[in-house]
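Okay, structure34.cif is below, mmCIF, C-alpha atoms:
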```cif
data_my_file
#
loop_
_atom_site.label_atom_id
_atom_site.label_comp_id
_atom_site.auth_asym_id
_atom_site.auth_seq_id
_atom_site.Cartn_x
_atom_site.Cartn_y
_atom_site.Cartn_z
CA MET N 1 111.32 79.60 138.56
CA ILE N 2 110.98 78.92 142.30
CA ALA N 3 111.79 81.42 145.06
CA GLU N 4 111.38 79.93 148.55
CA ASP N 5 113.70 80.39 151.54
CA SER N 6 112.82 77.05 153.18
CA VAL N 7 115.27 74.60 151.63
CA LEU N 8 113.11 71.56 152.37
CA LEU N 9 109.99 73.10 150.86
CA ARG N 10 111.94 74.34 147.86
CA ILE N 11 113.35 70.88 147.18
CA GLY N 12 109.87 69.42 147.54
CA LEU N 13 108.40 71.97 145.13
CA VAL N 14 111.09 71.23 142.55
CA LYS N 15 110.37 67.50 142.69
CA VAL N 16 106.59 67.95 142.56
CA LEU N 17 106.80 70.30 139.59
CA GLU N 18 109.26 68.14 137.67
CA MET N 19 107.12 65.05 138.24
CA ALA N 20 104.16 67.01 136.82
CA GLY N 21 106.09 67.85 133.67
CA PHE N 22 107.28 71.37 134.49
CA GLU N 23 110.85 72.40 133.69
CA VAL N 24 112.38 74.22 136.66
CA LEU N 25 114.87 76.68 135.18
CA ALA N 26 116.22 78.01 138.48
CA GLU N 27 115.57 78.09 142.22
CA THR N 28 116.58 80.57 144.90
CA GLY N 29 116.00 81.47 148.54
CA ASP N 30 115.80 85.25 148.31
CA ALA N 31 114.24 88.06 146.30
CA GLU N 32 117.54 89.26 144.84
CA GLY N 33 118.24 85.82 143.42
CA LEU N 34 114.68 85.65 142.08
CA LEU N 35 114.98 88.91 140.12
CA ALA N 36 118.36 87.92 138.74
CA ALA N 37 117.08 84.52 137.62
CA VAL N 38 113.95 85.95 136.01
CA GLY N 39 116.05 88.49 134.12
CA GLU N 40 118.33 85.71 132.87
CA HIS N 41 115.83 82.94 132.08
CA ARG N 42 112.55 84.80 131.37
CA PRO N 43 110.44 81.93 132.76
CA GLU N 44 106.79 81.41 131.89
CA LEU N 45 105.94 81.13 135.59
CA ALA N 46 107.50 82.32 138.85
CA LEU N 47 106.46 80.62 142.10
CA VAL N 48 107.28 83.11 144.86
CA ASP N 49 107.21 83.01 148.67
CA VAL N 50 105.73 86.20 150.16
CA ARG N 51 108.27 86.53 152.98
CA MET N 52 111.97 85.97 152.25
CA PRO N 53 115.37 87.15 153.51
CA PRO N 54 116.62 89.50 154.69
CA GLY N 55 113.61 91.03 156.43
CA PHE N 56 111.00 88.26 156.08
CA THR N 57 108.26 90.83 155.51
CA ASP N 58 107.15 91.53 151.93
CA GLU N 59 110.32 90.88 149.90
CA GLY N 60 108.59 88.33 147.70
CA VAL N 61 105.66 90.63 146.97
CA ARG N 62 107.90 93.53 146.02
CA ALA N 63 109.94 91.25 143.76
CA ALA N 64 106.74 89.91 142.18
CA LEU N 65 105.57 93.45 141.44
CA MET N 66 108.88 94.20 139.75
CA ILE N 67 108.54 91.04 137.67
CA ARG N 68 105.07 92.12 136.58
CA GLN N 69 106.50 95.44 135.41
CA GLU N 70 109.72 94.26 133.82
CA SER N 71 108.69 90.82 132.54
CA PRO N 72 104.94 91.09 131.79
CA ASP N 73 104.86 87.71 130.04
CA THR N 74 105.92 85.92 133.23
CA ALA N 75 103.01 84.59 135.27
CA VAL N 76 103.36 84.91 139.05
CA LEU N 77 101.91 82.78 141.82
CA LEU N 78 102.54 83.88 145.41
CA LEU N 79 102.73 81.40 148.26
CA SER N 80 102.03 82.54 151.82
CA GLN N 81 101.86 80.95 155.26
CA TYR N 82 98.89 83.14 156.21
CA VAL N 83 96.17 85.12 154.45
CA GLU N 84 97.65 88.57 153.83
CA GLU N 85 94.98 90.30 151.80
CA ARG N 86 96.89 93.50 151.07
CA TYR N 87 99.70 91.54 149.43
CA ALA N 88 97.22 89.71 147.22
CA ALA N 89 95.57 93.00 146.29
CA ASP N 90 98.92 94.61 145.40
CA LEU N 91 99.78 91.80 143.01
CA LEU N 92 96.34 91.43 141.53
CA ALA N 93 96.07 95.15 140.80
CA THR N 94 98.81 94.76 138.17
CA GLN N 95 97.13 93.87 134.89
CA THR N 96 99.44 92.23 132.37
CA ARG N 97 99.07 89.48 129.82
CA ALA N 98 100.31 86.79 132.20
CA GLY N 99 98.40 84.92 134.90
CA ILE N 100 98.29 85.73 138.59
CA GLY N 101 97.69 83.70 141.73
CA TYR N 102 97.87 83.73 145.51
CA LEU N 103 97.69 80.49 147.51
CA LEU N 104 98.32 79.44 151.08
CA LYS N 105 101.22 77.03 151.47
CA GLN N 106 98.91 74.43 152.95
CA ARG N 107 97.40 73.98 149.46
CA VAL N 108 100.66 72.40 148.30
CA ALA N 109 99.69 69.29 150.27
CA ASP N 110 96.93 68.59 147.74
CA VAL N 111 99.33 68.01 144.87
CA GLU N 112 96.72 67.54 142.15
CA GLU N 113 94.87 70.73 143.07
CA PHE N 114 98.13 72.65 143.41
CA ILE N 115 99.36 71.56 139.98
CA ASP N 116 96.00 72.47 138.45
CA ALA N 117 96.35 75.95 139.96
CA LEU N 118 99.86 76.32 138.58
CA ARG N 119 98.73 75.34 135.11
CA ARG N 120 95.85 77.81 135.21
CA VAL N 121 98.17 80.64 136.18
CA ALA N 122 100.81 79.61 133.64
CA SER N 123 98.16 79.71 130.89
CA GLY N 124 97.12 83.25 131.83
CA GLY N 125 94.34 82.54 134.32
CA THR N 126 93.91 83.13 138.04
CA ALA N 127 94.20 80.98 141.13
CA LEU N 128 93.14 82.58 144.41
CA ASP N 129 93.01 80.80 147.71
CA PRO N 130 89.41 80.42 148.92
CA GLN N 131 90.38 82.06 152.22
CA VAL N 132 91.61 85.14 150.35
CA VAL N 133 88.35 85.37 148.42
CA ALA N 134 86.38 84.96 151.65
CA GLN N 135 88.24 87.85 153.28
CA LEU N 136 87.69 90.07 150.24
CA LEU N 137 83.97 89.37 150.41
CA LEU N 138 83.93 89.99 154.17
CA ARG N 139 85.72 93.31 153.73
CA ARG N 140 83.03 94.41 151.32
CA GLY N 141 80.25 93.41 153.66
CA GLY N 142 79.63 97.03 154.66
CA GLY N 143 79.47 100.22 152.66
CA PRO N 144 78.83 100.69 148.94
CA ASP N 145 79.07 97.56 146.85
CA PRO N 146 80.89 98.18 143.55
CA LEU N 147 79.35 94.99 142.17
CA GLY N 148 75.81 95.88 143.19
CA ARG N 149 74.37 95.04 139.79
CA LEU N 150 75.11 91.36 140.31
CA THR N 151 72.59 88.99 141.87
CA PRO N 152 73.62 86.95 144.93
CA ARG N 153 74.06 83.87 142.72
CA GLU N 154 76.19 85.81 140.23
CA ARG N 155 78.39 87.00 143.09
CA GLU N 156 78.82 83.38 144.18
CA VAL N 157 79.79 82.40 140.64
CA LEU N 158 82.25 85.29 140.36
CA ALA N 159 83.85 84.41 143.71
CA LEU N 160 84.38 80.83 142.50
CA MET N 161 85.78 82.17 139.23
CA ALA N 162 88.25 84.17 141.32
CA GLU N 163 89.43 80.93 142.90
CA GLY N 164 90.14 79.67 139.40
CA ARG N 165 87.29 77.16 139.18
CA SER N 166 86.20 75.92 135.76
CA ASN N 167 82.55 75.99 134.72
CA ALA N 168 82.31 72.32 135.66
CA GLY N 169 83.88 73.01 139.04
CA ILE N 170 81.50 75.89 139.72
CA ALA N 171 78.53 73.75 138.70
CA ALA N 172 79.60 70.99 141.07
CA GLU N 173 80.12 73.42 143.97
CA LEU N 174 76.74 75.14 143.50
CA VAL N 175 74.90 71.95 142.48
CA VAL N 176 73.61 73.44 139.23
CA SER N 177 74.08 72.58 135.55
CA GLU N 178 77.04 73.81 133.53
CA SER N 179 74.61 75.58 131.18
CA ALA N 180 73.23 77.52 134.16
CA VAL N 181 76.77 78.50 135.13
CA ALA N 182 77.48 79.66 131.56
CA LYS N 183 74.35 81.85 131.64
CA HIS N 184 75.40 83.39 134.96
CA ILE N 185 78.89 84.11 133.59
CA ASN N 186 77.52 85.75 130.45
CA SER N 187 75.27 87.89 132.65
CA ILE N 188 78.28 88.85 134.79
CA PHE N 189 80.20 89.92 131.69
CA THR N 190 77.27 92.05 130.55
CA LYS N 191 76.69 93.70 133.93
CA LEU N 192 80.40 94.46 134.34
CA ASP N 193 80.47 96.02 130.86
CA LEU N 194 83.07 93.58 129.56
CA PRO N 195 82.92 93.54 125.74
CA PRO N 196 82.97 90.30 123.74
CA ALA N 197 86.49 88.87 123.60
CA ASP N 198 88.34 85.66 124.24
CA GLY N 199 86.43 83.81 126.96
CA ASP N 200 89.42 83.17 129.21
CA HIS N 201 90.52 86.80 128.92
CA ARG N 202 87.08 88.05 129.94
CA ARG N 203 87.10 85.69 132.93
CA VAL N 204 90.36 87.25 134.11
CA LEU N 205 89.02 90.78 133.58
CA ALA N 206 85.88 89.93 135.54
CA VAL N 207 87.94 88.54 138.40
CA LEU N 208 90.14 91.65 138.42
CA ARG N 209 87.04 93.83 138.51
CA PHE N 210 85.82 91.79 141.48
CA LEU N 211 89.13 92.13 143.29
CA ASP N 212 89.98 95.76 142.76
CA GLY N 213 86.43 96.95 143.39
CA THR N 214 86.02 99.17 140.33
CA PRO N 215 82.40 99.58 139.35
#
```
Could you write out this structure as structure tokens?
Amino acid sequence: MIAEDSVLLRIGLVKVLEMAGFEVLAETGDAEGLLAAVGEHRPELALVDVRMPPGFTDEGVRAALMIRQESPDTAVLLLSQYVEERYAADLLATQTRAGIGYLLKQRVADVEEFIDALRRVASGGTALDPQVVAQLLLRRGGGPDPLGRLTPREREVLALMAEGRSNAGIAAELVVSESAVAKHINSIFTKLDLPPADGDHRRVLAVLRFLDGTP
């Protein structure tokens, strides 16, 4: 399901997704059409523009929040022209079984990376724009740190996990071995008091803990 008011971008997204093997059940240019289509088709993934008619403010975010409440099995990925941290935080604070993501529209230009992000979200994972993660870290630069038990390296690993990076991707970014990354992630789980469970599920829980700031 695609909700994007720019006709040209919407057409482009449809073609890119179909070429990558996705089935686009419906497309719309406003939040009302998005909610109606989700209610009818119950898609696995909704790709939603943050600002849509009529007000071009937060219509997409509000619609996404409703989807999270009424269709918890539908993953949601928000697209935005600019980094709007509060919108990302609103969406990411909703914990359901489905995946969540927030990307800048400029990321669409890197088709391979964009499709990888969509697949992660569709499979229940996260995909956060690096600029969003950077702003969250900057915001927490002063005052009490809810993740104070983590070492600087563990915080780096968790930030990259928030972007949706795999262990291999994190290892390449930090120039360390994948086994070292796995050890850091296990330490993060322990320090954040996340009990043993499915690995992907614990990754999402760790990222949510990082984003919402709960100790």
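The two atoms in question, atom CA of Pro195 of chain N and atom CA of Arg209 of chain N, are spaced 13.4 Å apart.
Between atom CA of Arg153 of chain N and atom CA of Ala171 of chain N the interatomic distance comes to 11.8 Å.
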Report task. Would you mind listing what lies within 12 Å of Ala159 of chain N as a ChimeraX atom specification, with all atoms listed in the file counted and same-chain residues fewer than 5 positions away left out? Result -> /N:126-138,147,150,152-154,164-166,170,173-174,185,188,203-204,206-211
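Counting from atom CA of Arg62 of chain N, the distance to atom CA of Ala46 of chain N is 13.3 Å.
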List the spatial neighbours of Met52 of chain N as a PDB file with C-alpha atoms, in the frame of the given file - criterion: any atom at most 10 Å away, all atoms listed in the file, same-chain residues fewer than 5 positions off excluded.
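Saved the output as selection-v3.pdb:
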```pdb
ATOM      1  CA  ALA N   3     111.790  81.420 145.060  1.00  0.00           C
ATOM      2  CA  GLU N   4     111.380  79.930 148.550  1.00  0.00           C
ATOM      3  CA  ASP N   5     113.700  80.390 151.540  1.00  0.00           C
ATOM      4  CA  SER N   6     112.820  77.050 153.180  1.00  0.00           C
ATOM      5  CA  GLY N  29     116.000  81.470 148.540  1.00  0.00           C
ATOM      6  CA  ASP N  30     115.800  85.250 148.310  1.00  0.00           C
ATOM      7  CA  ALA N  31     114.240  88.060 146.300  1.00  0.00           C
ATOM      8  CA  GLU N  32     117.540  89.260 144.840  1.00  0.00           C
ATOM      9  CA  THR N  57     108.260  90.830 155.510  1.00  0.00           C
ATOM     10  CA  ASP N  58     107.150  91.530 151.930  1.00  0.00           C
ATOM     11  CA  GLU N  59     110.320  90.880 149.900  1.00  0.00           C
ATOM     12  CA  GLY N  60     108.590  88.330 147.700  1.00  0.00           C
ATOM     13  CA  VAL N  61     105.660  90.630 146.970  1.00  0.00           C
TER      14      VAL N  61
END
```
Query - Nearest-residue call for Glu84 of chain N, choices N:Arg155, N:Arg10, N:Arg51, N:Arg42, using all atoms listed in the file - result: N:Arg51
Query - Expected selection from the PyMOL selection byres ((chain N and resi 113) around 12), given as a ChimeraX atom specification - result: /N:20,103,106-112,114-120,127,129,163-165,169
Just-selected residues, C-alpha atoms written as an mmCIF file, keeping the file's coordinate frame:
```cif
data_model
loop_
_atom_site.group_PDB
_atom_site.id
_atom_site.type_symbol
_atom_site.label_atom_id
_atom_site.label_comp_id
_atom_site.auth_asym_id
_atom_site.auth_seq_id
_atom_site.Cartn_x
_atom_site.Cartn_y
_atom_site.Cartn_z
ATOM 1 C CA ALA N 20 104.160 67.010 136.820
ATOM 2 C CA LEU N 103 97.690 80.490 147.510
ATOM 3 C CA GLN N 106 98.910 74.430 152.950
ATOM 4 C CA ARG N 107 97.400 73.980 149.460
ATOM 5 C CA VAL N 108 100.660 72.400 148.300
ATOM 6 C CA ALA N 109 99.690 69.290 150.270
ATOM 7 C CA ASP N 110 96.930 68.590 147.740
ATOM 8 C CA VAL N 111 99.330 68.010 144.870
ATOM 9 C CA GLU N 112 96.720 67.540 142.150
ATOM 10 C CA PHE N 114 98.130 72.650 143.410
ATOM 11 C CA ILE N 115 99.360 71.560 139.980
ATOM 12 C CA ASP N 116 96.000 72.470 138.450
ATOM 13 C CA ALA N 117 96.350 75.950 139.960
ATOM 14 C CA LEU N 118 99.860 76.320 138.580
ATOM 15 C CA ARG N 119 98.730 75.340 135.110
ATOM 16 C CA ARG N 120 95.850 77.810 135.210
ATOM 17 C CA ALA N 127 94.200 80.980 141.130
ATOM 18 C CA ASP N 129 93.010 80.800 147.710
ATOM 19 C CA GLU N 163 89.430 80.930 142.900
ATOM 20 C CA GLY N 164 90.140 79.670 139.400
ATOM 21 C CA ARG N 165 87.290 77.160 139.180
ATOM 22 C CA GLY N 169 83.880 73.010 139.040
#
```
Report task. Please write the residues picked by the PyMOL selection byres ((chain N and resi 79) around 7) on this file as a VMD selection string. Result -> chain N and resid 48 to 50 77 to 78 80 102 to 105
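Minimum atom-to-atom distances from N:Ile100, N:Met1, N:Pro54, N:Lys191 to Leu34 of chain N were compared using all atoms listed in the file, and the lowest value belongs to N:Met1.
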